[in-house]
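Reading through the structure tokens given below for one structure.
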Amino acid sequence: MKYNTIIFDLDGTLLNTLEDIKDSVNYALDKCGFPKRSLEEINSFVGNGTDYLIEKAVPSNTTKDKLSNCTQIYRKHYKTNMDNKTAPYEGILEMIKKLKGDGYKLAVVSNKFDSAVKTLCKKYFSEFLEVAIGESSSIKRKPAPDTVFKAMKELDSKKEVCIYVGDSDVDVKTAHNVGIECIGVSWGFRGRQVLEKEGADYIIDRPEEIYNIIA
């Protein structure tokens with residue numbers, strides 16, 4: 001086989017997490033006395049980590065202290081709210097199960113904060129995923145290649161047999177910064193046009209189409 005290791009993004013790729021993220025962001029904004037944001041606005045803010053998400057959600061003249069406070073409120077709320085409306089996209093569980101059964105090494109690398117990544121992956125994919133890595137202060141987040149290299153090391157894989165799967169421009173940049181190909185998924189938070197513009201090596205519209213690429 002050309003590849004034996006597949007590394008996935010999480011939000012917008014395996015799980016539709018947007019509604020829960022929106023609810024927690026708006027809870028934090030409300031607690032801080034800031035205007036709430038629409039689903040479309042939240043959608044445009046996600047992908048670059050929690051700090052960036054809240055920085056974009058709060059008013060532009062927000063002080064650093066208020067921004068930090070709002071971020072902490074969001075993190076605390078999201079920990080108890082991350083799985084109310086979240087669910088795998090159609091066909092994802094079947095794809096992951098088949099890939100694992102066919103002997104592929106599987107991992108998730110995300111810019112969602114690390115404890116949330118591990119919690120969600122444990123709930124939905126614990127039988128199939130060997131590694132789940134999220135954002136933390138100890139390692140550079142995507143599009144830096146560091147977290148993907150960390151996943152490869154934990155899987156004992158070399159980049160020549162790895163491919164990355166994600167839904168955003170950040171994911172395409174990450175894969176190319178690592179030096180591997182990227183499969184863009186059109187069902188996520190950014191859509192086909194963004195993936196094409198960023199230079200995704202492949203774009204798929206349904207999870208099962210991944211087999212046409214990796215076989």
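Naming works like this for the structure tokens: A, B, ... for the chains as they're shown, residue 1 at the start of each chain, ligands 1 onward in shown order.
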Excluding Ser115 (chain A) and its own-chain neighbours fewer than 6 positions away, which residues fall within 12 Å of it when counting only C-alpha atoms? Please give them as a PDB file with N, CA, C and O atoms, in the first residue's frame.
```
ATOM      1  N   ARG A  75     -13.404  27.863  27.889  1.00  0.00           N
ATOM      2  CA  ARG A  75     -12.797  26.538  28.090  1.00  0.00           C
ATOM      3  C   ARG A  75     -13.556  25.735  29.153  1.00  0.00           C
ATOM      4  O   ARG A  75     -13.842  24.550  28.969  1.00  0.00           O
ATOM      5  N   LYS A  76     -13.865  26.391  30.260  1.00  0.00           N
ATOM      6  CA  LYS A  76     -14.556  25.710  31.356  1.00  0.00           C
ATOM      7  C   LYS A  76     -15.942  25.248  30.926  1.00  0.00           C
ATOM      8  O   LYS A  76     -16.355  24.112  31.208  1.00  0.00           O
ATOM      9  N   TYR A  78     -17.043  24.767  27.794  1.00  0.00           N
ATOM     10  CA  TYR A  78     -16.982  23.788  26.703  1.00  0.00           C
ATOM     11  C   TYR A  78     -16.679  22.380  27.211  1.00  0.00           C
ATOM     12  O   TYR A  78     -17.145  21.391  26.638  1.00  0.00           O
ATOM     13  N   LYS A  79     -15.927  22.283  28.287  1.00  0.00           N
ATOM     14  CA  LYS A  79     -15.609  20.964  28.846  1.00  0.00           C
ATOM     15  C   LYS A  79     -16.866  20.200  29.257  1.00  0.00           C
ATOM     16  O   LYS A  79     -16.883  18.967  29.238  1.00  0.00           O
ATOM     17  N   THR A  80     -17.918  20.928  29.639  1.00  0.00           N
ATOM     18  CA  THR A  80     -19.170  20.264  30.044  1.00  0.00           C
ATOM     19  C   THR A  80     -20.220  20.314  28.941  1.00  0.00           C
ATOM     20  O   THR A  80     -21.309  19.773  29.100  1.00  0.00           O
ATOM     21  N   MET A  82     -19.297  19.975  25.370  1.00  0.00           N
ATOM     22  CA  MET A  82     -18.705  19.606  24.083  1.00  0.00           C
ATOM     23  C   MET A  82     -19.431  18.480  23.363  1.00  0.00           C
ATOM     24  O   MET A  82     -19.163  18.215  22.188  1.00  0.00           O
ATOM     25  N   CYS A 121     -12.367  12.070  21.232  1.00  0.00           N
ATOM     26  CA  CYS A 121     -11.831  10.907  20.524  1.00  0.00           C
ATOM     27  C   CYS A 121     -12.046   9.620  21.318  1.00  0.00           C
ATOM     28  O   CYS A 121     -12.323   8.568  20.743  1.00  0.00           O
ATOM     29  N   LYS A 122     -11.926   9.722  22.622  1.00  0.00           N
ATOM     30  CA  LYS A 122     -12.163   8.548  23.460  1.00  0.00           C
ATOM     31  C   LYS A 122     -13.607   8.090  23.348  1.00  0.00           C
ATOM     32  O   LYS A 122     -13.895   6.890  23.267  1.00  0.00           O
ATOM     33  N   ALA A 132      -4.254  10.786  19.786  1.00  0.00           N
ATOM     34  CA  ALA A 132      -5.079  11.990  19.642  1.00  0.00           C
ATOM     35  C   ALA A 132      -4.342  13.152  20.296  1.00  0.00           C
ATOM     36  O   ALA A 132      -4.072  13.123  21.493  1.00  0.00           O
ATOM     37  N   ILE A 133      -4.024  14.163  19.508  1.00  0.00           N
ATOM     38  CA  ILE A 133      -3.217  15.285  19.977  1.00  0.00           C
ATOM     39  C   ILE A 133      -3.959  16.593  19.698  1.00  0.00           C
ATOM     40  O   ILE A 133      -4.410  16.833  18.573  1.00  0.00           O
ATOM     41  N   GLY A 134      -4.076  17.432  20.722  1.00  0.00           N
ATOM     42  CA  GLY A 134      -4.703  18.737  20.571  1.00  0.00           C
ATOM     43  C   GLY A 134      -3.752  19.858  20.916  1.00  0.00           C
ATOM     44  O   GLY A 134      -2.561  19.645  21.177  1.00  0.00           O
ATOM     45  N   GLU A 135      -4.301  21.053  20.949  1.00  0.00           N
ATOM     46  CA  GLU A 135      -3.511  22.250  21.241  1.00  0.00           C
ATOM     47  C   GLU A 135      -3.071  22.259  22.707  1.00  0.00           C
ATOM     48  O   GLU A 135      -3.861  21.967  23.602  1.00  0.00           O
ATOM     49  N   SER A 136      -1.814  22.591  22.943  1.00  0.00           N
ATOM     50  CA  SER A 136      -1.307  22.760  24.301  1.00  0.00           C
ATOM     51  C   SER A 136      -0.152  23.748  24.270  1.00  0.00           C
ATOM     52  O   SER A 136       0.386  24.062  23.202  1.00  0.00           O
TER      53      SER A 136
END
```
**Request:** Would you please extract all strand (DSSP E or B) residues from region 61-180 of chain A, as assigned by DSSP on the backbone, and give them as number ranges by chain?
**Result:** A: 87-88, 105-113, 131-136, 139, 162-166
**CA of Lys100 (chain A) to CA of Asp146 (chain A), distance in Å rounded to a single decimal** =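 For CA of Lys100 (chain A) relative to CA of Asp146 (chain A), the distance reads 24.4 Å.
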**Request:** Determine which residues of region 87-181 of chain A receive a DSSP assignment of alpha helix (DSSP H), computed from the backbone, and state them as a ChimeraX atom specification.
**Result:** /A:92-101,114-125,146-155,169-178
Take the selection from the previous step and output its residues with N, CA and C atoms, as a tab-separated table (two decimals), in the first residue's frame.
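Listing of again.tsv after writing:
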```tsv
chain	number	residue	atom	x	y	z
A	92	ILE	N	-18.61	8.54	8.64
A	92	ILE	CA	-17.29	8.63	9.28
A	92	ILE	C	-16.98	7.37	10.10
A	93	LEU	N	-17.89	6.97	10.94
A	93	LEU	CA	-17.62	5.80	11.79
A	93	LEU	C	-17.36	4.55	10.95
A	94	GLU	N	-18.12	4.38	9.88
A	94	GLU	CA	-17.92	3.23	8.99
A	94	GLU	C	-16.54	3.29	8.33
A	95	MET	N	-16.13	4.50	7.91
A	95	MET	CA	-14.82	4.67	7.28
A	95	MET	C	-13.69	4.35	8.26
A	96	ILE	N	-13.79	4.92	9.46
A	96	ILE	CA	-12.74	4.70	10.46
A	96	ILE	C	-12.63	3.22	10.83
A	97	LYS	N	-13.76	2.58	10.99
A	97	LYS	CA	-13.77	1.15	11.35
A	97	LYS	C	-13.12	0.31	10.27
A	98	LYS	N	-13.44	0.61	9.01
A	98	LYS	CA	-12.88	-0.15	7.90
A	98	LYS	C	-11.37	0.09	7.78
A	99	LEU	N	-10.96	1.34	7.92
A	99	LEU	CA	-9.53	1.64	7.84
A	99	LEU	C	-8.74	0.89	8.90
A	100	LYS	N	-9.28	0.88	10.12
A	100	LYS	CA	-8.61	0.17	11.21
A	100	LYS	C	-8.57	-1.32	10.91
A	101	GLY	N	-9.68	-1.85	10.42
A	101	GLY	CA	-9.73	-3.27	10.08
A	101	GLY	C	-8.78	-3.65	8.97
A	114	ASP	N	-6.27	20.33	24.02
A	114	ASP	CA	-5.90	18.92	24.08
A	114	ASP	C	-6.88	18.05	24.88
A	115	SER	N	-7.33	18.52	26.03
A	115	SER	CA	-8.21	17.68	26.84
A	115	SER	C	-9.54	17.43	26.13
A	116	ALA	N	-10.04	18.40	25.39
A	116	ALA	CA	-11.28	18.22	24.65
A	116	ALA	C	-11.09	17.23	23.50
A	117	VAL	N	-9.96	17.33	22.81
A	117	VAL	CA	-9.65	16.39	21.73
A	117	VAL	C	-9.63	14.96	22.26
A	118	LYS	N	-8.94	14.76	23.36
A	118	LYS	CA	-8.82	13.41	23.92
A	118	LYS	C	-10.18	12.89	24.41
A	119	THR	N	-10.98	13.77	25.01
A	119	THR	CA	-12.30	13.35	25.50
A	119	THR	C	-13.21	12.92	24.36
A	120	LEU	N	-13.28	13.72	23.32
A	120	LEU	CA	-14.16	13.40	22.19
A	120	LEU	C	-13.67	12.18	21.42
A	121	CYS	N	-12.37	12.07	21.23
A	121	CYS	CA	-11.83	10.91	20.52
A	121	CYS	C	-12.05	9.62	21.32
A	122	LYS	N	-11.93	9.72	22.62
A	122	LYS	CA	-12.16	8.55	23.46
A	122	LYS	C	-13.61	8.09	23.35
A	123	LYS	N	-14.55	9.03	23.30
A	123	LYS	CA	-15.96	8.67	23.22
A	123	LYS	C	-16.31	8.04	21.89
A	124	TYR	N	-15.85	8.66	20.80
A	124	TYR	CA	-16.32	8.25	19.48
A	124	TYR	C	-15.40	7.25	18.77
A	125	PHE	N	-14.10	7.32	19.04
A	125	PHE	CA	-13.16	6.56	18.21
A	125	PHE	C	-12.14	5.74	19.01
A	146	ASP	N	4.64	20.58	13.93
A	146	ASP	CA	5.11	19.89	15.14
A	146	ASP	C	4.17	18.81	15.65
A	147	THR	N	2.86	19.11	15.71
A	147	THR	CA	1.93	18.13	16.27
A	147	THR	C	1.78	16.91	15.36
A	148	VAL	N	1.88	17.12	14.05
A	148	VAL	CA	1.81	15.99	13.13
A	148	VAL	C	3.07	15.12	13.26
A	149	PHE	N	4.22	15.76	13.38
A	149	PHE	CA	5.45	14.98	13.60
A	149	PHE	C	5.37	14.20	14.92
A	150	LYS	N	4.76	14.79	15.92
A	150	LYS	CA	4.60	14.11	17.21
A	150	LYS	C	3.72	12.86	17.04
A	151	ALA	N	2.64	13.02	16.28
A	151	ALA	CA	1.76	11.87	16.03
A	151	ALA	C	2.51	10.77	15.28
A	152	MET	N	3.28	11.15	14.28
A	152	MET	CA	4.06	10.16	13.53
A	152	MET	C	5.02	9.40	14.45
A	153	LYS	N	5.67	10.13	15.33
A	153	LYS	CA	6.62	9.49	16.25
A	153	LYS	C	5.90	8.50	17.16
A	154	GLU	N	4.73	8.91	17.67
A	154	GLU	CA	3.98	8.01	18.57
A	154	GLU	C	3.45	6.79	17.83
A	155	LEU	N	3.19	6.94	16.54
A	155	LEU	CA	2.71	5.82	15.73
A	155	LEU	C	3.85	4.99	15.14
A	169	ASP	N	-8.10	25.45	5.20
A	169	ASP	CA	-6.83	25.97	4.70
A	169	ASP	C	-5.70	25.68	5.68
A	170	VAL	N	-6.00	25.73	6.98
A	170	VAL	CA	-4.99	25.42	8.00
A	170	VAL	C	-4.49	23.99	7.83
A	171	ASP	N	-5.40	23.08	7.52
A	171	ASP	CA	-5.01	21.67	7.37
A	171	ASP	C	-4.13	21.45	6.14
A	172	VAL	N	-4.48	22.11	5.04
A	172	VAL	CA	-3.66	21.99	3.84
A	172	VAL	C	-2.25	22.53	4.10
A	173	LYS	N	-2.18	23.70	4.73
A	173	LYS	CA	-0.87	24.29	5.06
A	173	LYS	C	-0.08	23.39	5.99
A	174	THR	N	-0.76	22.79	6.96
A	174	THR	CA	-0.09	21.89	7.90
A	174	THR	C	0.54	20.71	7.18
A	175	ALA	N	-0.24	20.05	6.34
A	175	ALA	CA	0.26	18.89	5.60
A	175	ALA	C	1.47	19.26	4.76
A	176	HIS	N	1.37	20.37	4.06
A	176	HIS	CA	2.47	20.77	3.19
A	176	HIS	C	3.68	21.23	3.98
A	177	ASN	N	3.47	21.79	5.18
A	177	ASN	CA	4.60	22.13	6.05
A	177	ASN	C	5.31	20.89	6.57
A	178	VAL	N	4.55	19.82	6.73
A	178	VAL	CA	5.13	18.53	7.13
A	178	VAL	C	5.89	17.90	5.96
```
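For the choices A:Pro143, A:Val161, A:Leu29, A:Asn81, the atom-to-atom distance to Asn4 (chain A) is smallest for A:Val161 when using only C-alpha atoms.
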**Request:** For region 44-52 of chain A, work out the shell of residues within 7 Å, counting only C-alpha atoms and skipping chain neighbours fewer than 2 positions away, then give it as JSON, numbers by chain.
**Result:** {"A": [40, 41, 42, 54, 55, 56, 71, 111, 112, 113, 135, 170]}
Using all heavy atoms, can you write the selected residues to a file as a tab-separated table (two decimals), in the first residue's frame?
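Full text of out24.tsv as output:
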```tsv
chain	number	residue	atom	x	y	z
A	40	GLU	N	-22.67	31.39	11.62
A	40	GLU	CA	-21.81	31.68	10.47
A	40	GLU	C	-20.53	32.40	10.91
A	40	GLU	O	-19.44	32.11	10.40
A	40	GLU	CB	-22.56	32.55	9.45
A	40	GLU	CG	-23.68	31.84	8.72
A	40	GLU	CD	-24.91	31.57	9.58
A	40	GLU	OE1	-25.09	32.27	10.61
A	40	GLU	OE2	-25.67	30.64	9.25
A	41	GLU	N	-20.67	33.30	11.87
A	41	GLU	CA	-19.48	33.99	12.38
A	41	GLU	C	-18.55	33.03	13.10
A	41	GLU	O	-17.33	33.03	12.88
A	41	GLU	CB	-19.91	35.12	13.33
A	41	GLU	CG	-20.51	36.31	12.62
A	41	GLU	CD	-21.07	37.35	13.58
A	41	GLU	OE1	-21.73	36.97	14.58
A	41	GLU	OE2	-20.84	38.54	13.34
A	42	ILE	N	-19.11	32.19	13.96
A	42	ILE	CA	-18.30	31.20	14.68
A	42	ILE	C	-17.59	30.29	13.70
A	42	ILE	O	-16.41	29.97	13.85
A	42	ILE	CB	-19.17	30.37	15.65
A	42	ILE	CG1	-19.82	31.28	16.71
A	42	ILE	CG2	-18.33	29.27	16.32
A	42	ILE	CD1	-18.86	31.98	17.62
A	54	ILE	N	-11.61	32.96	20.43
A	54	ILE	CA	-12.19	33.95	21.34
A	54	ILE	C	-11.73	35.36	20.99
A	54	ILE	O	-12.51	36.32	21.07
A	54	ILE	CB	-11.85	33.61	22.80
A	54	ILE	CG1	-12.34	32.19	23.16
A	54	ILE	CG2	-12.47	34.63	23.75
A	54	ILE	CD1	-13.84	31.98	22.95
A	55	GLU	N	-10.50	35.48	20.53
A	55	GLU	CA	-9.99	36.79	20.12
A	55	GLU	C	-10.83	37.36	18.98
A	55	GLU	O	-11.11	38.57	18.94
A	55	GLU	CB	-8.54	36.67	19.69
A	55	GLU	CG	-7.88	37.99	19.33
A	55	GLU	CD	-6.43	37.83	18.92
A	55	GLU	OE1	-5.78	36.85	19.35
A	55	GLU	OE2	-5.95	38.68	18.15
A	56	LYS	N	-11.25	36.50	18.05
A	56	LYS	CA	-12.08	36.96	16.94
A	56	LYS	C	-13.52	37.21	17.38
A	56	LYS	O	-14.20	38.05	16.80
A	56	LYS	CB	-12.06	35.92	15.81
A	56	LYS	CG	-10.70	35.66	15.21
A	56	LYS	CD	-10.09	36.89	14.57
A	56	LYS	CE	-10.72	37.22	13.24
A	56	LYS	NZ	-10.02	38.33	12.55
A	71	THR	N	-11.74	33.75	27.55
A	71	THR	CA	-11.19	32.47	27.06
A	71	THR	C	-11.31	31.39	28.13
A	71	THR	O	-11.69	30.25	27.83
A	71	THR	CB	-9.71	32.65	26.66
A	71	THR	OG1	-9.61	33.67	25.66
A	71	THR	CG2	-9.13	31.36	26.12
A	111	ASN	N	-6.39	21.53	16.40
A	111	ASN	CA	-6.10	22.77	17.13
A	111	ASN	C	-7.10	23.03	18.25
A	111	ASN	O	-7.02	24.06	18.94
A	111	ASN	CB	-6.09	23.98	16.17
A	111	ASN	CG	-4.74	24.16	15.50
A	111	ASN	OD1	-3.74	23.59	15.92
A	111	ASN	ND2	-4.71	24.96	14.44
A	112	LYS	N	-8.06	22.13	18.46
A	112	LYS	CA	-8.91	22.19	19.65
A	112	LYS	C	-8.05	21.87	20.87
A	112	LYS	O	-7.08	21.11	20.76
A	112	LYS	CB	-10.04	21.16	19.54
A	112	LYS	CG	-11.03	21.18	20.69
A	112	LYS	CD	-11.97	19.98	20.63
A	112	LYS	CE	-12.94	20.04	19.49
A	112	LYS	NZ	-13.93	21.14	19.62
A	113	PHE	N	-8.37	22.45	22.03
A	113	PHE	CA	-7.49	22.22	23.18
A	113	PHE	C	-7.44	20.74	23.55
A	113	PHE	O	-8.39	20.00	23.40
A	113	PHE	CB	-7.82	23.13	24.36
A	113	PHE	CG	-9.19	22.99	24.97
A	113	PHE	CD1	-9.41	22.15	26.04
A	113	PHE	CD2	-10.26	23.75	24.49
A	113	PHE	CE1	-10.65	22.04	26.63
A	113	PHE	CE2	-11.52	23.65	25.08
A	113	PHE	CZ	-11.72	22.79	26.15
A	135	GLU	N	-4.30	21.05	20.95
A	135	GLU	CA	-3.51	22.25	21.24
A	135	GLU	C	-3.07	22.26	22.71
A	135	GLU	O	-3.86	21.97	23.60
A	135	GLU	CB	-4.35	23.50	20.95
A	135	GLU	CG	-3.64	24.80	21.23
A	135	GLU	CD	-4.60	25.98	21.20
A	135	GLU	OE1	-5.77	25.84	21.57
A	135	GLU	OE2	-4.14	27.07	20.81
A	170	VAL	N	-6.00	25.73	6.98
A	170	VAL	CA	-4.99	25.42	8.00
A	170	VAL	C	-4.49	23.99	7.83
A	170	VAL	O	-3.28	23.72	7.95
A	170	VAL	CB	-5.56	25.62	9.42
A	170	VAL	CG1	-4.57	25.14	10.47
A	170	VAL	CG2	-5.88	27.09	9.66
```
**Prompt:** Any idea what the distance is between CA of Leu195 (chain A) and CA of Ser110 (chain A)?
**Reply:** 17.3 Å
**Among listed residues A:Tyr3, A:Thr13, A:Glu209, A:Ile203, nearest Asp102 (chain A) (using only C-alpha atoms)** =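 For Asp102 (chain A), the nearest of the given residues is A:Tyr3.
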**Prompt:** Using only C-alpha atoms, which residue out of A:Gly103, A:Pro35, A:Gly179, A:Gly166 lies closest to Ala144 (chain A)?
**Reply:**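 Closest residue, counting only C-alpha atoms: A:Gly179.
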Each residue of region 61-147 of chain A with at least one atom at most 6 Å from region 5-12 of chain A should appear once, together with its nearest atom pair and the corresponding distance in Å (one decimal); atoms considered: only C-alpha atoms; ordering: chain, then increasing residue number; output as JSON lines.
```
{"residue": "A:Tyr104", "atom": "CA", "partner": "A:Thr5", "partner_atom": "CA", "distance": 5.6}
{"residue": "A:Lys105", "atom": "CA", "partner": "A:Thr5", "partner_atom": "CA", "distance": 4.6}
{"residue": "A:Leu106", "atom": "CA", "partner": "A:Ile6", "partner_atom": "CA", "distance": 5.1}
{"residue": "A:Ala107", "atom": "CA", "partner": "A:Ile7", "partner_atom": "CA", "distance": 4.7}
{"residue": "A:Val108", "atom": "CA", "partner": "A:Phe8", "partner_atom": "CA", "distance": 4.7}
{"residue": "A:Val109", "atom": "CA", "partner": "A:Asp9", "partner_atom": "CA", "distance": 5.4}
{"residue": "A:Ser110", "atom": "CA", "partner": "A:Asp9", "partner_atom": "CA", "distance": 5.3}
```
Store the residues picked out above in a file with all heavy atoms, as a tab-separated table (two decimals), in the first residue's frame.
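Below is the file result-v7.tsv, written as the result:
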```tsv
chain	number	residue	atom	x	y	z
A	104	TYR	N	-4.58	0.10	8.80
A	104	TYR	CA	-3.99	1.44	8.79
A	104	TYR	C	-3.77	1.95	10.21
A	104	TYR	O	-4.57	1.68	11.11
A	104	TYR	CB	-4.89	2.42	8.04
A	104	TYR	CG	-4.92	2.21	6.55
A	104	TYR	CD1	-5.89	1.41	5.95
A	104	TYR	CD2	-3.96	2.79	5.73
A	104	TYR	CE1	-5.91	1.21	4.58
A	104	TYR	CE2	-3.97	2.60	4.35
A	104	TYR	CZ	-4.95	1.80	3.79
A	104	TYR	OH	-4.96	1.60	2.43
A	105	LYS	N	-2.68	2.69	10.40
A	105	LYS	CA	-2.46	3.41	11.65
A	105	LYS	C	-3.22	4.74	11.57
A	105	LYS	O	-3.10	5.45	10.57
A	105	LYS	CB	-0.97	3.69	11.86
A	105	LYS	CG	-0.10	2.45	11.97
A	105	LYS	CD	1.37	2.86	12.11
A	105	LYS	CE	2.29	1.67	12.16
A	105	LYS	NZ	3.71	2.08	12.28
A	106	LEU	N	-3.97	5.06	12.63
A	106	LEU	CA	-4.84	6.23	12.59
A	106	LEU	C	-4.57	7.15	13.77
A	106	LEU	O	-4.35	6.70	14.90
A	106	LEU	CB	-6.31	5.79	12.62
A	106	LEU	CG	-6.74	4.77	11.56
A	106	LEU	CD1	-8.20	4.37	11.80
A	106	LEU	CD2	-6.56	5.32	10.16
A	107	ALA	N	-4.62	8.46	13.51
A	107	ALA	CA	-4.42	9.45	14.56
A	107	ALA	C	-5.27	10.68	14.27
A	107	ALA	O	-5.71	10.90	13.14
A	107	ALA	CB	-2.96	9.85	14.66
A	108	VAL	N	-5.48	11.48	15.32
A	108	VAL	CA	-6.11	12.80	15.18
A	108	VAL	C	-5.13	13.85	15.66
A	108	VAL	O	-4.51	13.70	16.72
A	108	VAL	CB	-7.42	12.89	15.98
A	108	VAL	CG1	-7.79	14.35	16.27
A	108	VAL	CG2	-8.57	12.21	15.24
A	109	VAL	N	-4.99	14.91	14.87
A	109	VAL	CA	-4.22	16.08	15.27
A	109	VAL	C	-5.10	17.31	15.04
A	109	VAL	O	-5.54	17.56	13.93
A	109	VAL	CB	-2.91	16.20	14.47
A	109	VAL	CG1	-2.27	17.55	14.71
A	109	VAL	CG2	-1.95	15.08	14.84
A	110	SER	N	-5.36	18.05	16.10
A	110	SER	CA	-6.34	19.14	16.06
A	110	SER	C	-5.80	20.38	16.75
A	110	SER	O	-4.91	20.30	17.59
A	110	SER	CB	-7.62	18.67	16.77
A	110	SER	OG	-8.53	19.73	16.96
```
**Request:** Name the residues in contact with Asn212 (chain A) at a cut-off of 12 Å, using only C-alpha atoms, excluding same-chain residues fewer than 2 positions from it; report them as a list of chain:residue names.
**Result:**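 Contacts, with the query itself left out: A:Met1, A:Lys2, A:Tyr3, A:Ile183, A:Tyr202, A:Ile203, A:Ile204, A:Arg206, A:Pro207, A:Glu208, A:Glu209, A:Ile210, A:Ile214, A:Ala215.
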Selected residues written out, N, CA, C and O atoms, as a compact mmCIF listing (two decimals), in the first residue's frame:
```
# COMPACT_ATOMS: atom_id res chain seq x y z
N MET A 1 0.84 -1.20 0.00
CA MET A 1 0.00 0.00 0.00
C MET A 1 0.86 1.24 0.00
O MET A 1 1.96 1.25 0.55
N LYS A 2 0.38 2.28 -0.64
CA LYS A 2 1.14 3.53 -0.74
C LYS A 2 1.27 4.19 0.62
O LYS A 2 2.31 4.73 0.96
N TYR A 3 0.18 4.19 1.40
CA TYR A 3 0.16 4.78 2.73
C TYR A 3 -0.17 3.71 3.76
O TYR A 3 -0.91 2.76 3.47
N ILE A 183 -5.58 15.37 1.94
CA ILE A 183 -6.92 15.13 1.41
C ILE A 183 -7.85 16.14 2.06
O ILE A 183 -8.02 16.15 3.28
N TYR A 202 -5.91 16.41 -2.90
CA TYR A 202 -7.14 15.71 -3.28
C TYR A 202 -8.30 16.37 -2.53
O TYR A 202 -8.11 16.93 -1.45
N ILE A 203 -9.50 16.27 -3.08
CA ILE A 203 -10.70 16.72 -2.37
C ILE A 203 -11.77 15.66 -2.53
O ILE A 203 -12.02 15.17 -3.64
N ILE A 204 -12.38 15.27 -1.40
CA ILE A 204 -13.43 14.26 -1.44
C ILE A 204 -14.74 14.83 -0.90
O ILE A 204 -14.73 15.75 -0.08
N ARG A 206 -17.35 12.55 0.04
CA ARG A 206 -17.92 11.54 0.94
C ARG A 206 -16.78 10.75 1.57
O ARG A 206 -15.77 10.49 0.91
N PRO A 207 -16.93 10.34 2.84
CA PRO A 207 -15.83 9.65 3.53
C PRO A 207 -15.30 8.43 2.79
O PRO A 207 -14.08 8.20 2.77
N GLU A 208 -16.18 7.65 2.16
CA GLU A 208 -15.73 6.42 1.51
C GLU A 208 -14.80 6.66 0.32
O GLU A 208 -14.07 5.76 -0.12
N GLU A 209 -14.79 7.90 -0.19
CA GLU A 209 -13.93 8.22 -1.32
C GLU A 209 -12.45 8.19 -0.94
O GLU A 209 -11.58 8.19 -1.82
N ILE A 210 -12.16 8.16 0.34
CA ILE A 210 -10.76 8.13 0.78
C ILE A 210 -10.04 6.89 0.27
O ILE A 210 -8.84 6.92 -0.02
N ILE A 214 -6.00 6.28 -1.10
CA ILE A 214 -4.97 5.62 -0.28
C ILE A 214 -4.63 4.22 -0.75
O ILE A 214 -3.60 3.67 -0.37
N ALA A 215 -5.49 3.62 -1.56
CA ALA A 215 -5.26 2.22 -1.98
C ALA A 215 -3.99 2.11 -2.82
O ALA A 215 -3.72 2.98 -3.65
```
**Item:** Atomic separation - CA of His77 (chain A) relative to CA of Asn61 (chain A), Å
**Value:** 23.7 Å
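Those residues that approach Val194 (chain A) to within 10 Å, counting only C-alpha atoms, are Asp167, Ser168, Asp169, Val172, Gly184, Ser186, Phe189, Arg190, Gly191, Lys197, Glu198, Gly199 and Ala200 of chain A; same-chain residues fewer than 3 positions away are not listed.
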